[in-house]
$ cat start.pdb   # PDB, C-alpha atoms, pLDDT in the B column
ATOM      1  CA  MET A 169     146.421-138.729   1.118  1.00 56.00           C
ATOM      2  CA  SER A 170     149.795-137.202   1.870  1.00 62.00           C
ATOM      3  CA  TRP A 171     151.089-136.847   5.419  1.00 55.00           C
ATOM      4  CA  ARG A 172     150.976-133.070   5.123  1.00 60.00           C
ATOM      5  CA  ARG A 173     147.308-133.098   4.054  1.00 62.00           C
ATOM      6  CA  ALA A 174     146.388-135.585   6.771  1.00 57.00           C
ATOM      7  CA  ARG A 175     148.116-133.457   9.389  1.00 60.00           C
ATOM      8  CA  SER A 176     146.216-130.369   8.132  1.00 62.00           C
ATOM      9  CA  SER A 177     142.888-132.207   8.304  1.00 59.00           C
ATOM     10  CA  LEU A 178     143.675-133.397  11.832  1.00 58.00           C
ATOM     11  CA  ALA A 179     144.481-129.839  12.892  1.00 58.00           C
ATOM     12  CA  VAL A 180     141.122-128.646  11.563  1.00 58.00           C
ATOM     13  CA  ILE A 181     139.286-131.394  13.468  1.00 61.00           C
ATOM     14  CA  VAL A 182     141.140-130.615  16.687  1.00 56.00           C
ATOM     15  CA  THR A 183     140.437-126.887  16.315  1.00 55.00           C
ATOM     16  CA  ALA A 184     136.740-127.521  15.667  1.00 47.00           C
ATOM     17  CA  THR A 185     136.560-129.798  18.692  1.00 52.00           C
ATOM     18  CA  VAL A 186     138.186-127.174  20.891  1.00 49.00           C
ATOM     19  CA  VAL A 187     135.783-124.492  19.617  1.00 45.00           C
ATOM     20  CA  VAL A 188     132.725-126.680  20.267  1.00 47.00           C
ATOM     21  CA  ALA A 189     133.999-127.621  23.723  1.00 44.00           C
ATOM     22  CA  GLY A 190     134.636-123.957  24.454  1.00 47.00           C
ATOM     23  CA  MET A 191     131.105-123.010  23.408  1.00 45.00           C
ATOM     24  CA  VAL A 192     129.609-125.753  25.575  1.00 44.00           C
ATOM     25  CA  ALA A 193     131.699-124.634  28.551  1.00 43.00           C
ATOM     26  CA  TRP A 194     130.751-120.974  28.014  1.00 42.00           C
ATOM     27  CA  ARG A 195     127.066-121.832  27.722  1.00 52.00           C
ATOM     28  CA  TRP A 196     127.174-123.851  30.925  1.00 45.00           C
ATOM     29  CA  THR A 197     129.001-121.099  32.784  1.00 58.00           C
ATOM     30  CA  HIS A 198     126.758-118.384  31.311  1.00 64.00           C
ATOM     31  CA  ASN A 199     123.560-120.115  32.435  1.00 85.00           C
ATOM     32  CA  HIS A 200     124.870-121.561  35.690  1.00 91.00           C
ATOM     33  CA  PRO A 201     123.573-119.631  38.724  1.00 96.00           C
ATOM     34  CA  PRO A 202     126.254-118.082  40.920  1.00 96.00           C
ATOM     35  CA  TYR A 203     124.339-119.395  43.944  1.00 98.00           C
ATOM     36  CA  GLY A 204     121.084-121.159  44.757  1.00 98.00           C
ATOM     37  CA  PRO A 205     118.070-119.962  46.772  1.00 98.00           C
ATOM     38  CA  GLU A 206     119.328-121.803  49.845  1.00 98.00           C
ATOM     39  CA  ALA A 207     122.150-119.245  50.103  1.00 98.00           C
ATOM     40  CA  LEU A 208     119.598-116.488  50.763  1.00 98.00           C
ATOM     41  CA  ALA A 209     117.704-118.122  53.668  1.00 98.00           C
ATOM     42  CA  ILE A 210     114.465-116.643  52.279  1.00 98.00           C
ATOM     43  CA  THR A 211     111.445-116.061  54.508  1.00 98.00           C
ATOM     44  CA  SER A 212     108.077-114.706  53.400  1.00 98.00           C
ATOM     45  CA  SER A 213     104.464-114.040  54.318  1.00 98.00           C
ATOM     46  CA  LEU A 214     101.167-113.046  52.680  1.00 98.00           C
ATOM     47  CA  SER A 215      98.002-111.769  54.357  1.00 98.00           C
ATOM     48  CA  LEU A 216      94.795-109.898  53.603  1.00 98.00           C
ATOM     49  CA  VAL A 217      94.799-106.491  55.294  1.00 98.00           C
ATOM     50  CA  SER A 218      92.681-103.393  55.660  1.00 98.00           C
ATOM     51  CA  TYR A 219      93.807-100.039  54.290  1.00 98.00           C
ATOM     52  CA  PRO A 220      94.989 -98.784  57.729  1.00 97.00           C
ATOM     53  CA  GLU A 221      96.903-102.034  58.284  1.00 98.00           C
ATOM     54  CA  ALA A 222      98.525-101.702  54.860  1.00 98.00           C
ATOM     55  CA  GLN A 223      99.512 -98.109  55.581  1.00 97.00           C
ATOM     56  CA  ALA A 224     101.040 -99.067  58.924  1.00 97.00           C
ATOM     57  CA  ALA A 225     103.077-101.850  57.299  1.00 97.00           C
ATOM     58  CA  LEU A 226     104.424 -99.587  54.540  1.00 97.00           C
ATOM     59  CA  GLY A 227     105.327 -96.721  56.829  1.00 93.00           C
ATOM     60  CA  GLY A 228     104.705 -93.018  56.406  1.00 86.00           C
ATOM     61  CA  LYS A 229     106.555 -92.437  53.117  1.00 89.00           C
ATOM     62  CA  THR A 230     104.525 -94.801  50.916  1.00 94.00           C
ATOM     63  CA  HIS A 231     100.768 -95.134  50.540  1.00 96.00           C
ATOM     64  CA  PRO A 232      98.873 -98.310  49.634  1.00 97.00           C
ATOM     65  CA  PRO A 233      97.108 -98.539  46.262  1.00 97.00           C
ATOM     66  CA  LEU A 234      93.860 -96.586  46.147  1.00 95.00           C
ATOM     67  CA  VAL A 235      90.778 -98.581  47.137  1.00 96.00           C
ATOM     68  CA  SER A 236      87.710 -97.339  45.267  1.00 93.00           C
ATOM     69  CA  ASP A 237      85.205-100.075  46.173  1.00 95.00           C
ATOM     70  CA  GLU A 238      84.586-101.674  49.561  1.00 96.00           C
ATOM     71  CA  ARG A 239      84.900-105.052  47.837  1.00 97.00           C
ATOM     72  CA  ASP A 240      88.464-104.292  46.676  1.00 98.00           C
ATOM     73  CA  GLN A 241      91.108-106.278  48.541  1.00 98.00           C
ATOM     74  CA  LEU A 242      94.644-105.504  49.661  1.00 98.00           C
ATOM     75  CA  VAL A 243      97.268-108.222  50.141  1.00 98.00           C
ATOM     76  CA  LEU A 244     100.307-107.499  52.280  1.00 98.00           C
ATOM     77  CA  GLY A 245     103.471-109.387  51.409  1.00 98.00           C
ATOM     78  CA  ARG A 246     106.940-109.559  52.924  1.00 98.00           C
ATOM     79  CA  VAL A 247     110.015-111.226  51.484  1.00 98.00           C
ATOM     80  CA  THR A 248     113.269-111.272  53.414  1.00 97.00           C
ATOM     81  CA  TRP A 249     116.652-112.650  52.401  1.00 98.00           C
ATOM     82  CA  GLN A 250     120.167-112.475  53.746  1.00 97.00           C
ATOM     83  CA  PRO A 251     122.923-110.781  51.711  1.00 96.00           C
ATOM     84  CA  PRO A 252     123.785-113.002  48.725  1.00 97.00           C
ATOM     85  CA  PRO A 253     127.320-114.326  48.178  1.00 96.00           C
ATOM     86  CA  GLU A 254     127.668-112.137  45.082  1.00 96.00           C
ATOM     87  CA  PRO A 255     126.044-108.862  43.904  1.00 96.00           C
ATOM     88  CA  LEU A 256     123.322-108.952  41.259  1.00 96.00           C
ATOM     89  CA  ASP A 257     125.600-107.206  38.722  1.00 92.00           C
ATOM     90  CA  GLY A 258     122.897-106.441  36.153  1.00 95.00           C
ATOM     91  CA  GLY A 259     120.668-109.363  37.098  1.00 97.00           C
ATOM     92  CA  TYR A 260     117.578-109.034  39.254  1.00 98.00           C
ATOM     93  CA  PHE A 261     115.118-110.800  41.534  1.00 98.00           C
ATOM     94  CA  ALA A 262     111.527-110.949  40.283  1.00 98.00           C
ATOM     95  CA  VAL A 263     108.808-111.242  42.928  1.00 98.00           C
ATOM     96  CA  PHE A 264     105.590-112.744  41.575  1.00 98.00           C
ATOM     97  CA  VAL A 265     102.170-112.766  43.215  1.00 98.00           C
ATOM     98  CA  ILE A 266      99.849-114.885  41.056  1.00 98.00           C
ATOM     99  CA  ASP A 267      96.195-115.820  41.352  1.00 98.00           C
ATOM    100  CA  LYS A 268      96.416-119.539  40.582  1.00 97.00           C
ATOM    101  CA  ARG A 269      92.784-119.662  39.416  1.00 96.00           C
ATOM    102  CA  SER A 270      93.337-117.293  36.500  1.00 94.00           C
ATOM    103  CA  ASN A 271      97.175-117.198  36.270  1.00 95.00           C
ATOM    104  CA  ARG A 272      96.969-113.407  36.495  1.00 96.00           C
ATOM    105  CA  LYS A 273      99.090-111.008  38.508  1.00 98.00           C
ATOM    106  CA  PRO A 274      98.019-107.816  40.303  1.00 98.00           C
ATOM    107  CA  GLY A 275      98.265-104.622  38.298  1.00 97.00           C
ATOM    108  CA  ASP A 276      99.055-102.225  41.124  1.00 98.00           C
ATOM    109  CA  PHE A 277     101.571-102.442  43.991  1.00 98.00           C
ATOM    110  CA  ALA A 278     102.955-100.182  46.668  1.00 97.00           C
ATOM    111  CA  VAL A 279     106.444-100.967  47.960  1.00 97.00           C
ATOM    112  CA  SER A 280     108.378 -99.707  50.958  1.00 92.00           C
ATOM    113  CA  ALA A 281     111.784-100.031  49.248  1.00 82.00           C
ATOM    114  CA  PRO A 282     113.484 -97.083  47.458  1.00 79.00           C
ATOM    115  CA  GLN A 283     112.219 -96.481  43.919  1.00 76.00           C
ATOM    116  CA  GLU A 284     115.639 -97.056  42.369  1.00 85.00           C
ATOM    117  CA  ALA A 285     115.855-100.503  44.010  1.00 94.00           C
ATOM    118  CA  VAL A 286     112.496-101.922  42.914  1.00 97.00           C
ATOM    119  CA  SER A 287     110.440-101.510  39.750  1.00 95.00           C
ATOM    120  CA  LEU A 288     106.877-102.442  38.813  1.00 96.00           C
ATOM    121  CA  GLY A 289     106.210-104.001  35.424  1.00 95.00           C
ATOM    122  CA  SER A 290     107.160-106.992  33.289  1.00 93.00           C
ATOM    123  CA  ALA A 291     109.819-108.008  30.750  1.00 92.00           C
ATOM    124  CA  GLY A 292     109.722-110.176  27.657  1.00 91.00           C
ATOM    125  CA  VAL A 293     112.564-112.368  28.929  1.00 94.00           C
ATOM    126  CA  GLU A 294     110.308-113.454  31.784  1.00 96.00           C
ATOM    127  CA  ASN A 295     108.331-115.591  29.340  1.00 94.00           C
ATOM    128  CA  ARG A 296     111.311-117.964  29.590  1.00 95.00           C
ATOM    129  CA  ILE A 297     110.322-118.668  33.182  1.00 97.00           C
ATOM    130  CA  VAL A 298     107.165-120.433  32.006  1.00 95.00           C
ATOM    131  CA  GLU A 299     109.173-122.652  29.647  1.00 94.00           C
ATOM    132  CA  ARG A 300     111.207-123.968  32.582  1.00 96.00           C
ATOM    133  CA  TYR A 301     108.719-123.890  35.459  1.00 97.00           C
ATOM    134  CA  ALA A 302     105.198-125.070  34.605  1.00 95.00           C
ATOM    135  CA  TRP A 303     103.917-124.073  38.044  1.00 97.00           C
ATOM    136  CA  LEU A 304     104.755-120.432  37.204  1.00 97.00           C
ATOM    137  CA  ARG A 305     102.465-120.174  34.159  1.00 93.00           C
ATOM    138  CA  GLY A 306     101.218-116.804  35.328  1.00 95.00           C
ATOM    139  CA  ALA A 307     104.712-115.281  35.208  1.00 96.00           C
ATOM    140  CA  GLY A 308     104.620-114.775  31.423  1.00 91.00           C
ATOM    141  CA  ASP A 309     102.349-112.892  29.055  1.00 89.00           C
ATOM    142  CA  VAL A 310      99.106-114.314  27.667  1.00 78.00           C
ATOM    143  CA  LYS A 311      98.891-115.199  23.982  1.00 73.00           C
ATOM    144  CA  VAL A 312      95.744-113.663  22.471  1.00 72.00           C
ATOM    145  CA  GLY A 313      96.503-114.106  18.748  1.00 73.00           C
ATOM    146  CA  ASP A 314      98.933-115.697  16.337  1.00 76.00           C
ATOM    147  CA  ASN A 315     101.506-112.978  16.933  1.00 75.00           C
ATOM    148  CA  GLU A 316      99.943-111.008  19.752  1.00 75.00           C
ATOM    149  CA  TRP A 317     100.674-111.205  23.448  1.00 74.00           C
ATOM    150  CA  ARG A 318      99.059-109.358  26.332  1.00 81.00           C
ATOM    151  CA  SER A 319     100.380-108.605  29.782  1.00 86.00           C
ATOM    152  CA  ASN A 320      98.423-110.221  32.614  1.00 92.00           C
ATOM    153  CA  GLY A 321      99.547-107.895  35.376  1.00 96.00           C
ATOM    154  CA  ASN A 322     102.846-106.875  36.942  1.00 98.00           C
ATOM    155  CA  ARG A 323     105.629-108.207  39.106  1.00 98.00           C
ATOM    156  CA  LEU A 324     108.204-106.509  41.287  1.00 98.00           C
ATOM    157  CA  GLY A 325     111.738-106.372  39.882  1.00 97.00           C
ATOM    158  CA  VAL A 326     114.409-106.034  42.577  1.00 98.00           C
ATOM    159  CA  TYR A 327     117.699-104.631  41.254  1.00 97.00           C
ATOM    160  CA  ASP A 328     119.432-104.020  44.574  1.00 96.00           C
ATOM    161  CA  GLU A 329     120.294-107.110  46.611  1.00 96.00           C
ATOM    162  CA  THR A 330     120.238-104.996  49.790  1.00 95.00           C
ATOM    163  CA  ALA A 331     116.520-104.183  49.401  1.00 96.00           C
ATOM    164  CA  SER A 332     115.617-106.816  52.000  1.00 96.00           C
ATOM    165  CA  PRO A 333     113.301-106.896  53.859  1.00 96.00           C
ATOM    166  CA  LEU A 334     110.890-106.107  51.034  1.00 97.00           C
ATOM    167  CA  THR A 335     107.389-105.097  52.095  1.00 97.00           C
ATOM    168  CA  PHE A 336     104.675-104.618  49.496  1.00 98.00           C
ATOM    169  CA  VAL A 337     100.906-104.239  49.178  1.00 98.00           C
ATOM    170  CA  ALA A 338      99.075-105.532  46.096  1.00 98.00           C
ATOM    171  CA  LEU A 339      95.631-104.392  44.999  1.00 98.00           C
ATOM    172  CA  PHE A 340      92.963-106.867  43.888  1.00 98.00           C
ATOM    173  CA  PRO A 341      90.123-104.700  42.541  1.00 98.00           C
ATOM    174  CA  TYR A 342      86.540-105.882  42.426  1.00 97.00           C
ATOM    175  CA  VAL A 343      85.076-105.877  38.904  1.00 94.00           C
ATOM    176  CA  ALA A 344      81.324-105.251  39.055  1.00 89.00           C
ATOM    177  CA  ASP A 345      80.703-105.752  35.339  1.00 84.00           C
ATOM    178  CA  ALA A 346      80.451-109.520  34.827  1.00 68.00           C
ATOM    179  CA  ALA A 347      80.847-109.118  31.048  1.00 73.00           C
ATOM    180  CA  ARG A 348      84.142-107.312  31.402  1.00 80.00           C
ATOM    181  CA  LYS A 349      87.230-109.474  30.966  1.00 80.00           C
ATOM    182  CA  PRO A 350      89.904-108.284  33.386  1.00 88.00           C
ATOM    183  CA  THR A 351      93.564-108.440  32.402  1.00 91.00           C
ATOM    184  CA  VAL A 352      94.848-108.460  35.994  1.00 96.00           C
ATOM    185  CA  ALA A 353      94.094-110.461  39.130  1.00 97.00           C
ATOM    186  CA  THR A 354      90.846-109.345  40.771  1.00 97.00           C
ATOM    187  CA  ALA A 355      88.798-109.733  43.965  1.00 97.00           C
ATOM    188  CA  PRO A 356      87.452-111.737  45.641  1.00 97.00           C
ATOM    189  CA  VAL A 357      90.576-113.707  46.405  1.00 98.00           C
ATOM    190  CA  GLY A 358      91.567-115.988  49.277  1.00 97.00           C
ATOM    191  CA  MET A 359      94.994-116.806  50.610  1.00 97.00           C
ATOM    192  CA  SER A 360      94.767-120.352  49.245  1.00 98.00           C
ATOM    193  CA  ASP A 361      94.334-118.867  45.736  1.00 98.00           C
ATOM    194  CA  LEU A 362      97.667-117.033  45.790  1.00 98.00           C
ATOM    195  CA  LEU A 363     101.149-118.069  44.768  1.00 98.00           C
ATOM    196  CA  LEU A 364     104.212-116.089  45.879  1.00 98.00           C
ATOM    197  CA  ALA A 365     107.522-116.802  44.144  1.00 98.00           C
ATOM    198  CA  LEU A 366     111.005-115.342  43.888  1.00 98.00           C
ATOM    199  CA  VAL A 367     112.893-115.788  40.599  1.00 98.00           C
ATOM    200  CA  TYR A 368     116.545-114.947  39.977  1.00 98.00           C
ATOM    201  CA  LEU A 369     117.325-113.742  36.430  1.00 98.00           C
ATOM    202  CA  GLY A 370     120.796-113.011  35.081  1.00 97.00           C
ATOM    203  CA  PRO A 371     122.014-109.897  33.243  1.00 96.00           C
ATOM    204  CA  ASP A 372     121.234-111.489  29.858  1.00 96.00           C
ATOM    205  CA  GLY A 373     117.822-112.756  30.879  1.00 95.00           C
ATOM    206  CA  GLN A 374     119.062-116.152  32.056  1.00 97.00           C
ATOM    207  CA  VAL A 375     116.536-117.851  34.323  1.00 98.00           C
ATOM    208  CA  TYR A 376     118.844-119.004  37.091  1.00 98.00           C
ATOM    209  CA  TRP A 377     116.194-120.415  39.426  1.00 98.00           C
ATOM    210  CA  ALA A 378     112.693-119.981  40.833  1.00 98.00           C
ATOM    211  CA  GLN A 379     111.650-120.549  44.436  1.00 98.00           C
ATOM    212  CA  ARG A 380     108.044-121.080  45.529  1.00 98.00           C
ATOM    213  CA  LEU A 381     107.540-119.128  48.770  1.00 98.00           C
ATOM    214  CA  GLN A 382     103.788-119.346  49.382  1.00 98.00           C
ATOM    215  CA  GLY A 383     100.960-121.303  47.766  1.00 96.00           C
TER     216      GLY A 383
END
$ encode --input "start.pdb" --output "structure tokens"
Amino acid sequence: MSWRRARSSLAVIVTATVVVAGMVAWRWTHNHPPYGPEALAITSSLSLVSYPEAQAALGGKTHPPLVSDERDQLVLGRVTWQPPPEPLDGGYFAVFVIDKRSNRKPGDFAVSAPQEAVSLGSAGVENRIVERYAWLRGAGDVKVGDNEWRSNGNRLGVYDETASPLTFVALFPYVADAARKPTVATAPVGMSDLLLALVYLGPDGQVYWAQRLQG
């Protein structure tokens, strides 16, 4: 092999090494959280409440979910955090309330925060949470077929880091028909059955971290 050819081959190897190193560095930076949960000094609470108690906690502008059966239950939750070191910038906090017995989430919430700051629903990227945190199995969808997935309730997506303190009321409806298979968390439920968690997801669906708050 001539010196010129050897030098060309060496240049290719060096370039490839630099590219690979750059990709590894980008991937680490891309998936590395800008801060951990300890930076937020998170506090939280969950409690079973009556409809009047739920209304008082939410204030006059928001009403609790409609209770249609005396056996329906309302759970009041509060999550508070201090201003984070950096803005969310396209990322979001996901607040999960999960019935650990069934790994289902409530279907209906009322929230005291502005509508543009908090959303109710789910996202496909949140299935990644389950892959990383086994204790958050209820965060993702439920597989019901080879290529079919079904939502098992909703979570609260917080897109404004200033939405603290966040006060919410979740409905756990009573299902009278024993043959009916509910797709959301239902009554009766006790406080020991519930898991409350806060998850930080990045703008590209990166699962930065998950923090167990209750349960």
$ atom_distance --input "start.pdb" --atom1 "atom CA of A:Phe277" --atom2 "atom CA of A:Leu324"
8.2 Å
$ closest_residue --input "start.pdb" --among "A:Leu216, A:Val279, A:Val352, A:Leu364" --to "A:Leu242" --atoms "only C-alpha atoms"
A:Leu216
$ closest_residue --input "start.pdb" --among "A:Ala353, A:Val243, A:Ile266, A:Met359" --to "A:Arg305" --atoms "all atoms listed in the file"
A:Ile266
$ closest_atom_pairs --input "start.pdb" --of "stretch 282-320 of chain A" --to "stretch 334-339 of chain A" --cutoff "12 Å" --atoms "only C-alpha atoms" --output "JSON lines"
{"residue": "A:Pro282", "atom": "CA", "partner": "A:Leu334", "partner_atom": "CA", "distance": 10.0}
{"residue": "A:Ala285", "atom": "CA", "partner": "A:Leu334", "partner_atom": "CA", "distance": 10.3}
{"residue": "A:Val286", "atom": "CA", "partner": "A:Leu334", "partner_atom": "CA", "distance": 9.3}
{"residue": "A:Ser287", "atom": "CA", "partner": "A:Phe336", "partner_atom": "CA", "distance": 11.7}
{"residue": "A:Leu288", "atom": "CA", "partner": "A:Ala338", "partner_atom": "CA", "distance": 11.1}
$ resolve_selection --input "start.pdb" --expression "the PyMOL selection byres ((chain A and resi 211) around 8)" --output "VMD selection string"
chain A and resid 209 to 210 212 to 213 247 to 249 381
$ closest_residue --input "start.pdb" --among "A:Ala302, A:Ala278, A:Val312, A:Val326" --to "A:Ser290" --atoms "all atoms listed in the file"
A:Val326
$ atom_distance --input "start.pdb" --atom1 "atom CA of A:Glu316" --atom2 "atom CA of A:Arg296"
16.6 Å
$ residues_around --input "start.pdb" --residues "A:Arg323" --least-positions-apart "3" --cutoff "6 Å" --atoms "all atoms listed in the file" --output "PyMOL selection string"
chain A and resi 263-264+288-289
$ resolve_selection --input "start.pdb" --expression "the PyMOL selection byres ((chain A and resi 237) around 10)" --output "PDB file with C-alpha atoms, in the coordinates of the input"
ATOM      1  CA  LEU A 234      93.860 -96.586  46.147  1.00 95.00           C
ATOM      2  CA  VAL A 235      90.778 -98.581  47.137  1.00 96.00           C
ATOM      3  CA  SER A 236      87.710 -97.339  45.267  1.00 93.00           C
ATOM      4  CA  GLU A 238      84.586-101.674  49.561  1.00 96.00           C
ATOM      5  CA  ARG A 239      84.900-105.052  47.837  1.00 97.00           C
ATOM      6  CA  ASP A 240      88.464-104.292  46.676  1.00 98.00           C
ATOM      7  CA  GLN A 241      91.108-106.278  48.541  1.00 98.00           C
ATOM      8  CA  PRO A 341      90.123-104.700  42.541  1.00 98.00           C
ATOM      9  CA  TYR A 342      86.540-105.882  42.426  1.00 97.00           C
ATOM     10  CA  VAL A 343      85.076-105.877  38.904  1.00 94.00           C
ATOM     11  CA  ALA A 344      81.324-105.251  39.055  1.00 89.00           C
TER      12      ALA A 344
END
